[in-house]
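data_34.txt follows (compact mmCIF, C-alpha atoms and all ligand atoms):
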# COMPACT_ATOMS: atom_id res chain seq x y z
CA MET A 1 -27.68 39.99 96.74
CA PRO A 2 -28.66 39.13 93.15
CA ARG A 3 -25.79 39.55 90.71
CA HIS A 4 -28.08 40.77 87.96
CA VAL A 5 -31.46 42.49 88.25
CA ALA A 6 -33.59 42.99 85.13
CA ILE A 7 -36.62 45.30 85.14
CA ILE A 8 -39.64 45.65 82.84
CA MET A 9 -40.67 49.25 83.49
CA ASP A 10 -44.40 49.17 82.84
CA GLY A 11 -47.25 51.54 83.69
CA ASN A 12 -46.09 54.99 82.53
CA GLY A 13 -49.16 55.49 80.36
CA ARG A 14 -51.60 54.50 83.12
CA TRP A 15 -49.78 56.67 85.64
CA ALA A 16 -50.38 59.66 83.35
CA SER A 17 -53.97 58.90 82.35
CA ARG A 18 -55.01 58.43 85.98
CA ARG A 19 -53.93 62.01 86.50
CA GLY A 20 -55.56 63.29 83.31
CA LEU A 21 -52.10 63.96 81.85
CA PRO A 22 -50.78 63.05 78.39
CA ARG A 23 -48.92 59.69 78.20
CA ARG A 24 -45.78 61.61 77.33
CA VAL A 25 -45.69 63.01 80.88
CA GLY A 26 -45.84 59.46 82.23
CA HIS A 27 -42.80 58.54 80.15
CA TRP A 28 -40.88 61.58 81.41
CA ARG A 29 -41.67 60.63 84.98
CA GLY A 30 -40.71 57.06 84.12
CA ALA A 31 -37.32 58.21 82.91
CA GLU A 32 -36.81 60.06 86.22
CA ALA A 33 -37.73 56.85 88.05
CA ALA A 34 -35.17 54.95 85.92
CA ARG A 35 -32.52 57.47 86.90
CA SER A 36 -33.22 57.11 90.60
CA ILE A 37 -33.27 53.29 90.36
CA VAL A 38 -29.85 53.40 88.66
CA ARG A 39 -28.54 55.51 91.56
CA ALA A 40 -30.11 53.11 94.08
CA ALA A 41 -28.54 50.11 92.30
CA VAL A 42 -25.14 51.80 92.59
CA ASP A 43 -25.67 52.49 96.32
CA LEU A 44 -26.89 48.94 96.93
CA GLU A 45 -23.90 47.54 95.02
CA ILE A 46 -26.00 45.49 92.61
CA PRO A 47 -23.41 44.35 90.02
CA CYS A 48 -25.63 44.36 86.89
CA LEU A 49 -28.91 46.09 86.05
CA THR A 50 -30.81 45.71 82.77
CA LEU A 51 -33.74 48.01 81.96
CA PHE A 52 -36.31 47.34 79.23
CA ALA A 53 -36.79 50.80 77.75
CA PHE A 54 -38.28 50.02 74.32
CA SER A 55 -39.30 46.69 72.82
CA SER A 56 -39.26 45.57 69.18
CA GLU A 57 -43.05 45.63 69.43
CA ASN A 58 -43.17 49.21 70.77
CA TRP A 59 -42.54 50.48 67.20
CA LYS A 60 -46.24 49.69 66.62
CA ARG A 61 -47.29 52.52 68.96
CA PRO A 62 -48.60 55.79 67.48
CA VAL A 63 -45.81 57.74 65.75
CA ALA A 64 -46.15 60.69 68.14
CA GLU A 65 -45.51 58.46 71.15
CA VAL A 66 -42.52 56.79 69.50
CA VAL A 67 -41.11 60.25 68.68
CA ASP A 68 -41.60 61.33 72.31
CA LEU A 69 -39.86 58.22 73.62
CA MET A 70 -36.93 58.67 71.26
CA GLY A 71 -36.63 62.31 72.36
CA LEU A 72 -36.61 61.21 75.97
CA LEU A 73 -33.88 58.67 75.34
CA ARG A 74 -31.83 61.26 73.43
CA ARG A 75 -32.02 63.57 76.39
CA TYR A 76 -31.36 60.97 79.08
CA LEU A 77 -28.60 59.11 77.31
CA GLY A 78 -26.99 62.36 76.12
CA ASN A 79 -24.56 64.66 77.91
CA ASP A 80 -26.14 64.91 81.34
CA TYR A 81 -26.43 61.22 81.78
CA ALA A 82 -22.94 60.57 80.41
CA ALA A 83 -21.46 62.86 83.06
CA GLU A 84 -23.41 61.18 85.83
CA MET A 85 -22.45 57.69 84.66
CA ALA A 86 -18.80 58.74 84.76
CA ARG A 87 -19.17 60.09 88.28
CA LEU A 88 -20.85 56.87 89.43
CA ASP A 89 -18.38 54.64 87.53
CA VAL A 90 -21.31 53.01 85.68
CA ARG A 91 -20.67 51.14 82.43
CA VAL A 92 -23.57 51.58 80.02
CA ARG A 93 -24.39 49.51 76.99
CA MET A 94 -27.32 48.89 74.77
CA ILE A 95 -28.88 45.66 73.55
CA GLY A 96 -31.40 45.49 70.74
CA ASP A 97 -31.69 46.23 67.05
CA ARG A 98 -29.54 49.33 66.48
CA SER A 99 -30.44 49.52 62.79
CA ARG A 100 -34.00 50.62 63.65
CA LEU A 101 -32.97 53.53 65.90
CA PRO A 102 -32.71 57.10 64.56
CA GLN A 103 -29.09 57.73 63.47
CA ASP A 104 -28.44 60.50 65.99
CA LEU A 105 -29.73 58.38 68.89
CA MET A 106 -27.53 55.51 67.73
CA ARG A 107 -24.52 57.84 67.85
CA ILE A 108 -25.47 59.07 71.34
CA VAL A 109 -25.67 55.47 72.54
CA GLN A 110 -22.33 54.65 70.91
CA ARG A 111 -20.63 57.63 72.55
CA LEU A 112 -22.01 56.68 75.95
CA GLU A 113 -20.84 53.09 75.50
CA GLU A 114 -17.36 54.19 74.46
CA ALA A 115 -17.02 56.80 77.20
CA SER A 116 -18.06 54.32 79.88
CA ALA A 117 -16.35 51.18 78.53
CA ASP A 118 -13.70 51.17 81.28
CA HIS A 119 -16.05 51.90 84.17
CA LYS A 120 -15.91 49.15 86.75
CA GLY A 121 -19.02 49.88 88.83
CA LEU A 122 -22.60 48.98 87.97
CA GLN A 123 -22.96 47.29 84.57
CA LEU A 124 -26.07 49.00 83.21
CA THR A 125 -27.73 47.62 80.09
CA VAL A 126 -30.51 49.49 78.33
CA ALA A 127 -32.67 47.29 76.08
CA LEU A 128 -33.83 49.41 73.15
CA SER A 129 -35.73 48.06 70.16
CA TYR A 130 -35.07 44.74 71.87
CA GLY A 131 -36.85 41.40 71.49
CA GLY A 132 -35.81 38.15 73.16
CA ARG A 133 -36.96 35.89 70.33
CA GLN A 134 -35.18 38.07 67.78
CA GLU A 135 -31.97 37.85 69.83
CA ILE A 136 -32.15 34.03 70.03
CA ALA A 137 -32.94 33.80 66.30
CA ALA A 138 -29.92 36.00 65.49
CA SER A 139 -27.61 33.76 67.50
CA ALA A 140 -29.03 30.63 65.82
CA ARG A 141 -28.63 32.25 62.39
CA ARG A 142 -24.94 33.00 63.01
CA LEU A 143 -24.32 29.41 64.07
CA ALA A 144 -26.17 28.15 60.97
CA GLU A 145 -24.02 30.39 58.77
CA GLN A 146 -20.85 28.99 60.33
CA ALA A 147 -22.12 25.44 59.89
CA ALA A 148 -23.11 26.09 56.27
CA ALA A 149 -19.64 27.51 55.59
CA GLY A 150 -18.11 24.32 56.99
CA ARG A 151 -16.53 26.08 59.98
CA LEU A 152 -18.74 24.48 62.62
CA ASP A 153 -19.85 20.90 63.17
CA PRO A 154 -23.64 21.20 63.79
CA THR A 155 -23.53 18.32 66.30
CA LEU A 156 -21.47 20.62 68.53
CA ILE A 157 -24.28 23.20 68.81
CA ASP A 158 -25.46 23.16 72.41
CA GLU A 159 -26.83 25.58 75.02
CA ASP A 160 -23.42 27.07 75.76
CA LEU A 161 -22.65 27.80 72.12
CA LEU A 162 -26.04 29.39 71.50
CA ALA A 163 -25.75 31.44 74.71
CA LYS A 164 -22.32 32.71 73.63
CA GLY A 165 -23.97 34.38 70.65
CA LEU A 166 -26.39 36.38 72.82
CA GLU A 167 -25.70 40.02 73.53
CA LEU A 168 -25.16 39.76 77.29
CA ALA A 169 -22.98 36.65 77.03
CA ASP A 170 -20.32 38.13 79.33
CA LEU A 171 -22.76 38.93 82.17
CA PRO A 172 -24.32 36.45 84.58
CA ASP A 173 -27.98 35.66 83.75
CA PRO A 174 -30.47 37.80 85.69
CA ASP A 175 -31.26 36.21 89.07
CA LEU A 176 -34.16 38.57 89.58
CA LEU A 177 -36.69 39.92 87.09
CA ILE A 178 -39.02 42.66 88.31
CA ARG A 179 -42.04 43.84 86.34
CA THR A 180 -44.02 46.85 87.52
CA GLY A 181 -47.49 47.92 86.44
CA GLY A 182 -49.47 44.90 87.63
CA GLU A 183 -49.23 42.73 84.50
CA MET A 184 -47.73 39.26 84.87
CA ARG A 185 -45.96 38.72 81.57
CA ILE A 186 -42.39 38.46 80.28
CA SER A 187 -43.25 40.33 77.03
CA ASN A 188 -40.33 38.95 75.01
CA PHE A 189 -37.69 40.29 77.43
CA LEU A 190 -34.45 38.28 77.86
CA LEU A 191 -36.32 35.03 77.19
CA TRP A 192 -33.25 32.84 77.24
CA GLN A 193 -31.50 34.57 80.13
CA VAL A 194 -34.41 34.52 82.62
CA ALA A 195 -34.80 30.72 82.51
CA TYR A 196 -34.05 30.45 86.25
CA ALA A 197 -34.69 34.02 87.40
CA GLU A 198 -36.95 34.73 90.34
CA LEU A 199 -39.92 36.75 89.08
CA ILE A 200 -41.38 39.57 91.12
CA PHE A 201 -44.47 41.40 89.87
CA SER A 202 -45.28 44.74 91.48
CA ASP A 203 -48.57 46.61 91.20
CA ARG A 204 -46.73 49.91 91.41
CA LEU A 205 -46.82 51.89 88.18
CA TRP A 206 -43.24 52.50 87.01
CA PRO A 207 -43.08 56.28 87.73
CA ASP A 208 -43.96 55.46 91.37
CA PHE A 209 -41.39 52.66 91.71
CA SER A 210 -38.90 53.88 94.29
CA ARG A 211 -35.68 52.83 95.93
CA GLU A 212 -37.80 51.42 98.80
CA ASP A 213 -39.69 49.24 96.32
CA LEU A 214 -36.40 47.95 94.92
CA GLU A 215 -35.18 47.19 98.43
CA ALA A 216 -38.44 45.35 99.19
CA ALA A 217 -37.95 43.26 96.03
CA LEU A 218 -34.40 42.38 97.15
CA ILE A 219 -35.73 41.25 100.54
CA GLU A 220 -38.36 39.09 98.79
CA PHE A 221 -35.62 37.67 96.53
CA ARG A 222 -33.56 36.62 99.57
CA ARG A 223 -36.58 34.81 101.05
CA ARG A 224 -36.97 32.66 97.94
CA ASP A 225 -35.45 29.20 97.91
CA ARG A 226 -33.57 28.88 94.63
CA ARG A 227 -33.19 25.25 93.64
CA PHE A 228 -32.43 25.34 89.89
CA GLY A 229 -34.37 22.09 89.49
CA ALA A 230 -32.51 20.32 92.30
CA LEU A 231 -33.78 19.64 95.83
CA SER A 232 -34.10 22.34 98.45
CA SER A 233 -30.87 23.21 100.28
CA THR A 234 -32.87 23.36 103.51
CA GLY A 235 -34.44 19.95 102.92
C1 LIG B 1 -44.09 51.15 79.57
O1 LIG B 1 -45.19 51.94 79.96
C2 LIG B 1 -42.93 51.98 79.36
C3 LIG B 1 -42.30 52.20 78.17
C4 LIG B 1 -42.76 51.61 76.89
C5 LIG B 1 -41.14 53.07 78.07
C6 LIG B 1 -40.18 52.95 79.20
C7 LIG B 1 -39.12 53.93 79.02
C8 LIG B 1 -38.66 54.73 80.00
C9 LIG B 1 -39.15 54.67 81.39
C10 LIG B 1 -37.55 55.64 79.69
C11 LIG B 1 -36.29 54.94 80.03
C12 LIG B 1 -35.20 55.85 80.07
C13 LIG B 1 -33.92 55.47 80.30
C14 LIG B 1 -32.88 56.49 80.36
C15 LIG B 1 -33.53 54.06 80.50
P1 LIG B 1 -46.51 51.88 79.09
O2 LIG B 1 -46.50 53.06 78.19
O3 LIG B 1 -46.61 50.55 78.44
O4 LIG B 1 -47.57 52.06 80.22
P2 LIG B 1 -49.06 51.52 80.19
O5 LIG B 1 -48.95 50.02 80.22
O6 LIG B 1 -49.62 52.08 81.45
O7 LIG B 1 -49.69 52.07 78.95
Structure translated into structure tokens:
Amino acid sequence: MPRHVAIIMDGNGRWASRRGLPRRVGHWRGAEAARSIVRAAVDLEIPCLTLFAFSSENWKRPVAEVVDLMGLLRRYLGNDYAAEMARLDVRVRMIGDRSRLPQDLMRIVQRLEEASADHKGLQLTVALSYGGRQEIAASARRLAEQAAAGRLDPTLIDEDLLAKGLELADLPDPDLLIRTGGEMRISNFLLWQVAYAELIFSDRLWPDFSREDLEAALIEFRRRDRRFGALSSTG
């Protein structure tokens, strides 16, 4: 079983337009799919799940779509979801640039994080206004500030130190990255952390991605021979 599964949930817009529906409907169905995948991850005892809900680049979408997505997140991360996360013992946290989120959504996220901080089950991370390069740059900037202030010897800066400044530093790196929607790209998601992840690309559009699809990805993951640059364990 992977210790950490990360998912790029792509294809909501196409799911809707294929049905002649507005993109907004695709996002709503996508949020329902996210909810059922969280439940499946709990049942399957996956320790950590990270979902890419909104990228730093998604702010460039038309205002109406951004407003719809923010409304969706407000609703899903608000009261209903908080109650369910408590029942399932899920700890929720957010990674990404909080300063760009609407104030009320930021407060909703904060409340959910606080209310679930002691939950010991699934560690669920929602990436919102998130960019992998931005995250790495922020960690490098903090180290540079410490070095400039004379508190850090720059020759000591190594992978471990840079990784400690990343937002998910206390979680294992994702072993499995799934992207739905048929595109084969990382799209600036967890760039540092997926260095050795197995990548699985699914043609399923995100609203159609089901528990069975997640289980199939886990089976595929187990078939892969993970060598981390060394020789195969099976010779
Ligand atoms: C990509 O589809 C999807 C998004 C940009 C939004 C994903 C967000 C959700 C599914 C809501 C998540 C909710 C919670 C509670 C975590 P797209 O619009 O890029 O689809 P397209 O490539 O077909 O246009």
**Request:** Give me the residues within 9 Å of Gln123 of chain A as a list in words, counting only C-alpha atoms and dropping any in the same chain fewer than 5 places off.
**Result:** His4, Ile46, Pro47, Cys48, Leu49, Thr50, Val90, Arg91, Val92, Arg93 and Leu171 of chain A
**Request:** Let me have all residues with an atom within 7 Å of ligand LIG 1 (chain B), counting all atoms listed in the file, laid out as a list in words.
**Result:** Met9, Asp10, Gly11, Asn12, Gly13, Arg14, Trp15, His27, Gly30, Ala31, Ala34, Arg35, Leu51, Phe52, Ala53, Phe54, Asn58, Leu69, Leu72, Leu73, Tyr76, Leu77, Val126 and Gly181 of chain A
Atoms to include: C-alpha atoms. Write the selected residues as an mmCIF file, in the coordinates of the input.
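out.cif written:
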data_model
loop_
_atom_site.group_PDB
_atom_site.id
_atom_site.type_symbol
_atom_site.label_atom_id
_atom_site.label_comp_id
_atom_site.auth_asym_id
_atom_site.auth_seq_id
_atom_site.Cartn_x
_atom_site.Cartn_y
_atom_site.Cartn_z
ATOM 1 C CA MET A 9 -40.670 49.250 83.490
ATOM 2 C CA ASP A 10 -44.400 49.170 82.840
ATOM 3 C CA GLY A 11 -47.250 51.540 83.690
ATOM 4 C CA ASN A 12 -46.090 54.990 82.530
ATOM 5 C CA GLY A 13 -49.160 55.490 80.360
ATOM 6 C CA ARG A 14 -51.600 54.500 83.120
ATOM 7 C CA TRP A 15 -49.780 56.670 85.640
ATOM 8 C CA HIS A 27 -42.800 58.540 80.150
ATOM 9 C CA GLY A 30 -40.710 57.060 84.120
ATOM 10 C CA ALA A 31 -37.320 58.210 82.910
ATOM 11 C CA ALA A 34 -35.170 54.950 85.920
ATOM 12 C CA ARG A 35 -32.520 57.470 86.900
ATOM 13 C CA LEU A 51 -33.740 48.010 81.960
ATOM 14 C CA PHE A 52 -36.310 47.340 79.230
ATOM 15 C CA ALA A 53 -36.790 50.800 77.750
ATOM 16 C CA PHE A 54 -38.280 50.020 74.320
ATOM 17 C CA ASN A 58 -43.170 49.210 70.770
ATOM 18 C CA LEU A 69 -39.860 58.220 73.620
ATOM 19 C CA LEU A 72 -36.610 61.210 75.970
ATOM 20 C CA LEU A 73 -33.880 58.670 75.340
ATOM 21 C CA TYR A 76 -31.360 60.970 79.080
ATOM 22 C CA LEU A 77 -28.600 59.110 77.310
ATOM 23 C CA VAL A 126 -30.510 49.490 78.330
ATOM 24 C CA GLY A 181 -47.490 47.920 86.440
#
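Between atom CA of Lys120 of chain A and atom CA of Ile37 of chain A there is a distance of 18.2 Å.
The nearest approach to Ile200 of chain A among the residues A:Val5, A:Gly71, A:Leu231, A:Ala127, with all atoms listed in the file taken into account, belongs to A:Val5.
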**Request:** Please provide the set of residues having any atom within 10 Å of segment 105-111 of chain A, restricted to only C-alpha atoms, with same-chain residues fewer than 2 positions apart removed, written as number ranges by chain.
**Result:** A: 70-71, 73-79, 82, 92-94, 98-103, 113-117, 126
Could you complete segment 201-233 of chain A so that it carries N, CA and C atoms, and give it back as an mmCIF file, in the coordinates of the input?
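Here's the written file selection-v8.cif:
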data_model
loop_
_atom_site.group_PDB
_atom_site.id
_atom_site.type_symbol
_atom_site.label_atom_id
_atom_site.label_comp_id
_atom_site.auth_asym_id
_atom_site.auth_seq_id
_atom_site.Cartn_x
_atom_site.Cartn_y
_atom_site.Cartn_z
ATOM 1 N N PHE A 201 -43.544 40.500 90.562
ATOM 2 C CA PHE A 201 -44.470 41.400 89.870
ATOM 3 C C PHE A 201 -44.976 42.419 90.891
ATOM 4 N N SER A 202 -44.849 43.690 90.554
ATOM 5 C CA SER A 202 -45.280 44.740 91.480
ATOM 6 C C SER A 202 -46.456 45.495 90.858
ATOM 7 N N ASP A 203 -47.428 45.836 91.701
ATOM 8 C CA ASP A 203 -48.570 46.610 91.200
ATOM 9 C C ASP A 203 -48.232 48.075 90.994
ATOM 10 N N ARG A 204 -47.147 48.516 91.582
ATOM 11 C CA ARG A 204 -46.730 49.910 91.410
ATOM 12 C C ARG A 204 -46.581 50.261 89.938
ATOM 13 N N LEU A 205 -47.068 51.424 89.551
ATOM 14 C CA LEU A 205 -46.820 51.890 88.180
ATOM 15 C C LEU A 205 -45.382 52.430 88.158
ATOM 16 N N TRP A 206 -44.680 52.232 87.022
ATOM 17 C CA TRP A 206 -43.240 52.500 87.010
ATOM 18 C C TRP A 206 -42.844 53.888 87.560
ATOM 19 N N PRO A 207 -43.541 54.979 87.196
ATOM 20 C CA PRO A 207 -43.080 56.280 87.730
ATOM 21 C C PRO A 207 -43.098 56.338 89.258
ATOM 22 N N ASP A 208 -43.893 55.475 89.903
ATOM 23 C CA ASP A 208 -43.960 55.460 91.370
ATOM 24 C C ASP A 208 -42.968 54.470 91.980
ATOM 25 N N PHE A 209 -42.275 53.697 91.163
ATOM 26 C CA PHE A 209 -41.390 52.660 91.710
ATOM 27 C C PHE A 209 -40.151 53.345 92.294
ATOM 28 N N SER A 210 -39.932 53.126 93.583
ATOM 29 C CA SER A 210 -38.900 53.880 94.290
ATOM 30 C C SER A 210 -37.785 52.960 94.771
ATOM 31 N N ARG A 211 -36.783 53.568 95.315
ATOM 32 C CA ARG A 211 -35.680 52.830 95.930
ATOM 33 C C ARG A 211 -36.209 51.852 96.992
ATOM 34 N N GLU A 212 -37.220 52.294 97.761
ATOM 35 C CA GLU A 212 -37.800 51.420 98.800
ATOM 36 C C GLU A 212 -38.435 50.182 98.153
ATOM 37 N N ASP A 213 -39.077 50.384 97.012
ATOM 38 C CA ASP A 213 -39.690 49.240 96.320
ATOM 39 C C ASP A 213 -38.617 48.262 95.829
ATOM 40 N N LEU A 214 -37.499 48.811 95.356
ATOM 41 C CA LEU A 214 -36.400 47.950 94.920
ATOM 42 C C LEU A 214 -35.848 47.174 96.111
ATOM 43 N N GLU A 215 -35.692 47.867 97.230
ATOM 44 C CA GLU A 215 -35.180 47.190 98.430
ATOM 45 C C GLU A 215 -36.140 46.088 98.880
ATOM 46 N N ALA A 216 -37.445 46.360 98.795
ATOM 47 C CA ALA A 216 -38.440 45.350 99.190
ATOM 48 C C ALA A 216 -38.326 44.130 98.266
ATOM 49 N N ALA A 217 -38.086 44.374 96.979
ATOM 50 C CA ALA A 217 -37.950 43.260 96.030
ATOM 51 C C ALA A 217 -36.698 42.432 96.372
ATOM 52 N N LEU A 218 -35.633 43.102 96.801
ATOM 53 C CA LEU A 218 -34.400 42.380 97.150
ATOM 54 C C LEU A 218 -34.623 41.509 98.395
ATOM 55 N N ILE A 219 -35.421 42.025 99.329
ATOM 56 C CA ILE A 219 -35.730 41.250 100.540
ATOM 57 C C ILE A 219 -36.552 40.009 100.154
ATOM 58 N N GLU A 220 -37.540 40.220 99.279
ATOM 59 C CA GLU A 220 -38.360 39.090 98.790
ATOM 60 C C GLU A 220 -37.473 38.059 98.069
ATOM 61 N N PHE A 221 -36.549 38.557 97.264
ATOM 62 C CA PHE A 221 -35.620 37.670 96.530
ATOM 63 C C PHE A 221 -34.849 36.782 97.515
ATOM 64 N N ARG A 222 -34.363 37.391 98.601
ATOM 65 C CA ARG A 222 -33.560 36.620 99.570
ATOM 66 C C ARG A 222 -34.392 35.557 100.279
ATOM 67 N N ARG A 223 -35.708 35.783 100.383
ATOM 68 C CA ARG A 223 -36.580 34.810 101.050
ATOM 69 C C ARG A 223 -36.841 33.586 100.165
ATOM 70 N N ARG A 224 -36.642 33.764 98.855
ATOM 71 C CA ARG A 224 -36.970 32.660 97.940
ATOM 72 C C ARG A 224 -35.899 31.572 98.025
ATOM 73 N N ASP A 225 -36.346 30.343 97.841
ATOM 74 C CA ASP A 225 -35.450 29.200 97.910
ATOM 75 C C ASP A 225 -35.124 28.808 96.476
ATOM 76 N N ARG A 226 -33.904 29.091 96.044
ATOM 77 C CA ARG A 226 -33.570 28.880 94.630
ATOM 78 C C ARG A 226 -32.950 27.494 94.462
ATOM 79 N N ARG A 227 -33.629 26.639 93.720
ATOM 80 C CA ARG A 227 -33.190 25.250 93.640
ATOM 81 C C ARG A 227 -32.635 24.855 92.273
ATOM 82 N N PHE A 228 -32.899 25.660 91.242
ATOM 83 C CA PHE A 228 -32.430 25.340 89.890
ATOM 84 C C PHE A 228 -32.768 23.900 89.492
ATOM 85 N N GLY A 229 -33.944 23.442 89.877
ATOM 86 C CA GLY A 229 -34.370 22.090 89.490
ATOM 87 C C GLY A 229 -33.885 20.997 90.416
ATOM 88 N N ALA A 230 -32.998 21.330 91.359
ATOM 89 C CA ALA A 230 -32.510 20.320 92.300
ATOM 90 C C ALA A 230 -33.410 20.322 93.550
ATOM 91 N N LEU A 231 -32.981 19.641 94.611
ATOM 92 C CA LEU A 231 -33.780 19.640 95.830
ATOM 93 C C LEU A 231 -33.428 20.836 96.686
ATOM 94 N N SER A 232 -34.322 21.178 97.606
ATOM 95 C CA SER A 232 -34.100 22.340 98.450
ATOM 96 C C SER A 232 -32.852 22.166 99.318
ATOM 97 N N SER A 233 -32.081 23.274 99.459
ATOM 98 C CA SER A 233 -30.870 23.210 100.280
ATOM 99 C C SER A 233 -31.227 23.045 101.748
#
